[in-house]
file run_13.cif (mmCIF, C-alpha atoms)
data_work
loop_
_atom_site.label_atom_id
_atom_site.label_comp_id
_atom_site.auth_asym_id
_atom_site.auth_seq_id
_atom_site.Cartn_x
_atom_site.Cartn_y
_atom_site.Cartn_z
CA MET A 117 -63.66 -76.06 52.21
CA ILE A 118 -64.84 -76.47 48.63
CA ASP A 119 -65.60 -73.13 47.00
CA ILE A 120 -69.12 -73.04 45.52
CA THR A 121 -70.16 -69.87 43.70
CA PRO A 122 -73.42 -68.14 44.70
CA SER A 123 -75.09 -69.11 41.38
CA ALA A 124 -74.13 -72.78 41.93
CA GLU A 125 -75.44 -72.58 45.52
CA VAL A 126 -78.83 -71.36 44.22
CA HIS A 127 -78.85 -74.19 41.68
CA PHE A 128 -78.08 -76.86 44.30
CA LYS A 129 -80.74 -75.43 46.62
CA LYS A 130 -83.36 -75.72 43.82
CA LEU A 131 -82.28 -79.28 43.02
CA LEU A 132 -82.57 -80.31 46.67
CA GLU A 133 -86.01 -78.74 47.34
CA PRO A 134 -88.07 -81.67 45.98
CA GLN A 135 -85.80 -84.28 47.61
CA LYS A 136 -86.42 -86.06 50.89
CA GLU A 137 -85.92 -83.79 53.90
CA GLY A 138 -82.31 -83.84 55.11
CA THR A 139 -80.88 -84.73 51.70
CA CYS A 140 -77.47 -83.18 51.04
CA ILE A 141 -75.16 -83.22 48.09
CA ARG A 142 -72.14 -85.50 48.09
CA ILE A 143 -68.94 -84.36 46.37
CA PHE A 144 -66.53 -87.20 45.62
CA VAL A 145 -63.54 -88.42 43.62
CA ILE A 146 -63.48 -91.82 41.93
CA ASN A 147 -59.94 -93.26 41.62
CA PRO A 148 -58.41 -90.39 43.61
CA GLY A 149 -54.69 -89.85 43.26
CA THR A 150 -54.49 -91.60 39.89
CA PRO A 151 -54.43 -90.35 36.28
CA LYS A 152 -57.98 -91.76 35.95
CA ALA A 153 -59.42 -89.65 38.78
CA GLU A 154 -62.95 -88.39 38.13
CA CYS A 155 -64.91 -85.95 40.30
CA GLY A 156 -68.63 -85.98 40.78
CA VAL A 157 -71.61 -84.65 42.69
CA SER A 158 -74.68 -86.64 43.71
CA TYR A 159 -77.62 -86.56 46.09
CA CYS A 160 -76.98 -87.98 49.55
CA PRO A 161 -80.14 -88.91 51.48
CA PRO A 162 -79.91 -88.91 55.29
CA GLU A 163 -79.58 -92.70 55.50
CA ALA A 164 -76.45 -92.62 53.27
CA VAL A 165 -74.50 -90.22 55.51
CA GLU A 166 -71.39 -91.89 56.96
CA SER A 167 -69.98 -90.99 60.38
CA SER A 168 -66.58 -90.32 58.74
CA ASP A 169 -68.03 -87.78 56.25
CA THR A 170 -66.93 -84.16 56.46
CA ARG A 171 -69.90 -81.79 56.36
CA TYR A 172 -69.73 -78.32 54.83
CA ASN A 173 -72.56 -75.80 55.32
CA TYR A 174 -73.56 -73.62 52.39
CA ASN A 175 -76.41 -71.18 51.79
CA GLY A 176 -79.50 -73.40 52.10
CA PHE A 177 -77.88 -76.87 51.97
CA ASP A 178 -75.02 -79.04 53.21
CA ALA A 179 -72.37 -80.87 51.22
CA LEU A 180 -70.67 -84.07 52.34
CA VAL A 181 -67.26 -85.42 51.38
CA ASP A 182 -66.02 -88.91 52.25
CA ASP A 183 -62.68 -89.22 54.04
CA VAL A 184 -60.93 -90.82 51.02
CA SER A 185 -61.92 -87.99 48.63
CA LEU A 186 -61.30 -85.15 51.09
CA PRO A 187 -57.55 -84.54 50.56
CA PHE A 188 -58.00 -84.71 46.78
CA LEU A 189 -60.70 -82.01 46.82
CA GLU A 190 -58.46 -79.37 48.40
CA GLU A 191 -58.85 -76.17 46.34
CA ALA A 192 -61.87 -77.61 44.48
CA PHE A 193 -64.27 -75.14 42.89
CA ILE A 194 -67.87 -75.54 41.70
CA ASP A 195 -69.52 -73.02 39.40
CA LEU A 196 -72.69 -72.76 37.34
CA VAL A 197 -71.75 -71.80 33.80
CA GLU A 198 -74.28 -70.44 31.35
CA GLU A 199 -73.47 -71.06 27.69
CA ASP A 200 -75.37 -71.00 24.40
CA THR A 201 -75.98 -74.73 24.78
CA GLY A 202 -77.45 -74.35 28.26
CA THR A 203 -76.52 -74.24 31.91
CA GLN A 204 -73.89 -76.57 33.26
CA LEU A 205 -72.30 -77.21 36.64
CA THR A 206 -68.51 -77.34 36.47
CA LEU A 207 -66.38 -78.95 39.16
CA LYS A 208 -62.67 -78.22 39.03
CA ALA A 209 -60.45 -80.15 41.40
CA PRO A 210 -56.78 -79.53 40.58
CA ASN A 211 -55.62 -82.04 43.19
CA ALA A 212 -57.88 -84.97 42.23
CA LYS A 213 -55.18 -86.85 40.34
CA MET A 214 -52.54 -86.28 42.98
CA ARG A 215 -52.82 -85.13 46.56
CA LYS A 216 -51.45 -81.63 47.06
CA VAL A 217 -48.00 -81.66 48.59
CA LYS A 218 -46.82 -79.20 51.21
CA ASN A 219 -44.42 -76.39 50.34
CA ASP A 220 -41.78 -77.93 52.59
CA ALA A 221 -42.09 -81.42 51.06
CA PRO A 222 -38.95 -82.91 49.46
CA LEU A 223 -38.11 -81.48 46.02
CA LEU A 224 -38.84 -84.84 44.35
CA GLU A 225 -42.44 -84.82 45.63
CA ARG A 226 -43.01 -81.20 44.66
CA VAL A 227 -41.65 -81.76 41.12
CA GLU A 228 -43.81 -84.87 40.71
CA TYR A 229 -46.85 -82.88 41.86
CA VAL A 230 -46.26 -80.08 39.31
CA ILE A 231 -45.77 -82.66 36.54
CA GLN A 232 -49.05 -84.40 37.36
CA VAL A 233 -51.14 -81.31 38.02
CA GLN A 234 -49.75 -78.69 35.61
CA ILE A 235 -47.66 -80.29 32.86
CA ASN A 236 -49.39 -83.58 32.05
CA PRO A 237 -52.83 -81.98 31.59
CA GLN A 238 -51.24 -79.73 28.92
CA LEU A 239 -49.57 -82.69 27.18
CA ALA A 240 -52.77 -84.76 27.35
CA SER A 241 -54.36 -82.60 24.65
CA HIS A 242 -51.79 -84.14 22.27
CA GLY A 243 -52.15 -87.63 23.71
CA GLY A 244 -48.90 -87.40 25.66
CA PHE A 245 -47.49 -87.34 29.17
CA ILE A 246 -44.19 -87.39 31.01
CA LYS A 247 -42.98 -89.48 33.94
CA LEU A 248 -40.41 -88.34 36.45
CA ILE A 249 -37.84 -91.14 36.51
CA GLU A 250 -35.49 -89.68 39.12
CA LEU A 251 -34.08 -86.55 40.65
CA THR A 252 -30.27 -86.76 40.55
CA ASP A 253 -27.94 -85.69 43.36
CA ASP A 254 -27.16 -82.49 41.40
CA ASN A 255 -30.92 -81.70 41.15
CA VAL A 256 -31.54 -82.66 37.53
CA ALA A 257 -35.03 -83.98 36.86
CA VAL A 258 -34.76 -87.03 34.61
CA ILE A 259 -37.99 -87.53 32.64
CA GLU A 260 -39.39 -89.88 30.06
CA PHE A 261 -42.04 -88.98 27.48
CA GLY A 262 -44.94 -91.34 26.79
CA GLY A 263 -48.06 -91.56 24.69
CA GLY A 264 -48.27 -89.16 21.76
CA CYS A 265 -45.00 -87.48 22.80
CA ASN A 266 -42.97 -90.65 22.17
CA GLY A 267 -41.44 -90.21 18.72
CA CYS A 268 -42.93 -86.72 18.15
CA SER A 269 -40.83 -84.39 16.00
CA GLN A 270 -41.58 -81.43 18.33
CA VAL A 271 -40.31 -83.11 21.50
CA ASP A 272 -37.15 -80.96 21.78
CA LEU A 273 -39.23 -77.78 21.60
CA THR A 274 -41.72 -79.19 24.12
CA LEU A 275 -38.87 -80.10 26.47
CA LYS A 276 -36.77 -76.91 26.30
CA ASP A 277 -39.40 -74.19 25.74
CA GLY A 278 -42.17 -75.85 27.70
CA ILE A 279 -41.42 -78.42 30.37
CA GLU A 280 -37.90 -77.38 31.37
CA LYS A 281 -38.75 -73.68 31.33
CA GLU A 282 -41.86 -74.23 33.49
CA LEU A 283 -40.09 -76.48 36.00
CA LEU A 284 -37.01 -74.24 36.32
CA GLU A 285 -39.25 -71.21 36.94
CA GLU A 286 -41.36 -73.12 39.46
CA PHE A 287 -38.31 -74.42 41.33
CA SER A 288 -35.88 -71.54 40.81
CA GLY A 289 -32.71 -72.06 42.83
CA GLU A 290 -33.58 -75.70 43.55
CA LEU A 291 -33.83 -77.50 40.21
CA ASN A 292 -30.85 -77.19 37.83
CA ALA A 293 -32.04 -78.88 34.62
CA VAL A 294 -34.43 -81.35 33.04
CA ARG A 295 -33.06 -84.27 31.03
CA ASP A 296 -35.05 -86.54 28.71
CA ILE A 297 -34.09 -90.23 28.48
CA THR A 298 -36.83 -91.26 26.03
CA GLU A 299 -35.91 -93.28 22.93
CA HIS A 300 -37.41 -90.98 20.29
CA GLN A 301 -36.20 -92.76 17.16
CA SER A 302 -39.11 -94.02 15.09
CA GLY A 303 -39.76 -97.71 15.66
CA ASP A 304 -42.07 -100.28 17.22
CA HIS A 305 -42.06 -98.35 20.51
CA SER A 306 -43.37 -95.14 18.87
CA PHE A 307 -46.91 -94.15 19.76
CA TYR A 308 -47.75 -92.99 16.24
CA LYS A 309 -46.37 -95.10 13.39
#

call {"tool": "encode", "arguments": {"input": "run_13.cif", "output": "structure tokens"}}
result
Amino acid sequence: MIDITPSAEVHFKKLLEPQKEGTCIRIFVINPGTPKAECGVSYCPPEAVESSDTRYNYNGFDALVDDVSLPFLEEAFIDLVEEDTGTQLTLKAPNAKMRKVKNDAPLLERVEYVIQVQINPQLASHGGFIKLIELTDDNVAVIEFGGGCNGCSQVDLTLKDGIEKELLEEFSGELNAVRDITEHQSGDHSFYK
């Protein structure tokens, strides 16, 4: 179930009052499971309800989720945030870009999930990302930097004190090291020239 705070529930209830009877909200993900995933909320009149929708009951209204978006909205959270600039609904869906993997999934899948959900959002603020190239037989994660990280002078610090530290803590006893294979010398391939 998607967690909606009491203040957000009140807000949705007010928004739905003037709508056609039976109108729900629809929570969805566009481009789910990709780096371009975007979450949204819209009105869903009764005639737009699909038989495959999952219905969630909240205080005074129902929310619908289509079957494609459903696995990517696991652990999603909606809140109503009051700031100096006004009131804003916030929807956080940590699994929108990649479907959550189970704890007993293969190590490769779990490492890829942590990279996409935890590490790449941090690197995105600098225009960068990493890709998991392979997981060796001796459990070394081989990665490649891209975007703003390609050719960055701080890449060694980012790798050792950031990425490797986070992954080794997350997968203690399973993952042995993280190795970078990126060509970081300045050249035509560099993101910033």

call {"tool": "resolve_selection", "arguments": {"input": "run_13.cif", "expression": "the PyMOL selection byres ((chain A and resi 216-230) around 10)", "output": "PyMOL selection string"}}
result
chain A and resi 149+187-191+210-215+231-236+247-252+255+257+282-283+286-287+290-291

call {"tool": "closest_residue", "arguments": {"input": "run_13.cif", "among": "A:Ile297, A:Ala153, A:Leu132, A:Ala192", "to": "Asp178 (chain A)", "atoms": "only C-alpha atoms"}}
result
A:Leu132

call {"tool": "closest_residue", "arguments": {"input": "run_13.cif", "among": "A:Val157, A:Lys208, A:Ile259, A:Thr170", "to": "Asp195 (chain A)", "atoms": "only C-alpha atoms"}}
result
A:Lys208

call {"tool": "closest_residue", "arguments": {"input": "run_13.cif", "among": "A:Arg295, A:Gln270, A:Asp277, A:Pro151", "to": "Phe245 (chain A)", "atoms": "all atoms listed in the file"}}
result
A:Pro151

call {"tool": "atom_distance", "arguments": {"input": "run_13.cif", "atom1": "CA of Leu207 (chain A)", "atom2": "CA of Phe177 (chain A)"}}
result
17.3 Å

call {"tool": "atom_distance", "arguments": {"input": "run_13.cif", "atom1": "CA of Ser167 (chain A)", "atom2": "CA of Gln135 (chain A)"}}
result
21.4 Å

call {"tool": "atom_distance", "arguments": {"input": "run_13.cif", "atom1": "CA of Asp119 (chain A)", "atom2": "CA of Pro161 (chain A)"}}
result
21.9 Å

call {"tool": "resolve_selection", "arguments": {"input": "run_13.cif", "expression": "the PyMOL selection byres ((chain A and resi 144) around 8)", "output": "tab-separated table (two decimals) with C-alpha atoms, in the coordinates of the input"}}
result
chain	number	residue	atom	x	y	z
A	142	ARG	CA	-72.14	-85.50	48.09
A	143	ILE	CA	-68.94	-84.36	46.37
A	145	VAL	CA	-63.54	-88.42	43.62
A	146	ILE	CA	-63.48	-91.82	41.93
A	155	CYS	CA	-64.91	-85.95	40.30
A	156	GLY	CA	-68.63	-85.98	40.78
A	157	VAL	CA	-71.61	-84.65	42.69
A	181	VAL	CA	-67.26	-85.42	51.38
A	182	ASP	CA	-66.02	-88.91	52.25
A	185	SER	CA	-61.92	-87.99	48.63
A	186	LEU	CA	-61.30	-85.15	51.09
A	189	LEU	CA	-60.70	-82.01	46.82

call {"tool": "closest_residue", "arguments": {"input": "run_13.cif", "among": "A:Ser158, A:Glu198, A:Asp169, A:Ser269", "to": "Val184 (chain A)", "atoms": "all atoms listed in the file"}}
result
A:Asp169

call {"tool": "closest_residue", "arguments": {"input": "run_13.cif", "among": "A:Gly278, A:Thr298, A:Ser288, A:Glu154", "to": "Phe261 (chain A)", "atoms": "only C-alpha atoms"}}
result
A:Thr298

call {"tool": "residues_around", "arguments": {"input": "run_13.cif", "residues": "Gly243 (chain A)", "least_positions_apart": "5", "cutoff": "8 Å", "atoms": "all atoms listed in the file", "output": "list in words"}}
result
Gly263, Gly264 and Cys265 of chain A

call {"tool": "closest_residue", "arguments": {"input": "run_13.cif", "among": "A:Met117, A:Leu239, A:Val294, A:Val258", "to": "Leu275 (chain A)", "atoms": "only C-alpha atoms"}}
result
A:Val294

call {"tool": "resolve_selection", "arguments": {"input": "run_13.cif", "expression": "the PyMOL selection byres ((chain A and resi 125) around 12)", "output": "list of chain:residue names"}}
result
A:Ile118, A:Asp119, A:Ile120, A:Thr121, A:Pro122, A:Ser123, A:Ala124, A:Val126, A:His127, A:Phe128, A:Lys129, A:Lys130, A:Leu131, A:Leu132, A:Ile141, A:Asn173, A:Tyr174, A:Asn175, A:Gly176, A:Phe177, A:Asp178, A:Ala179, A:Phe193, A:Ile194, A:Asp195, A:Leu196, A:Leu205
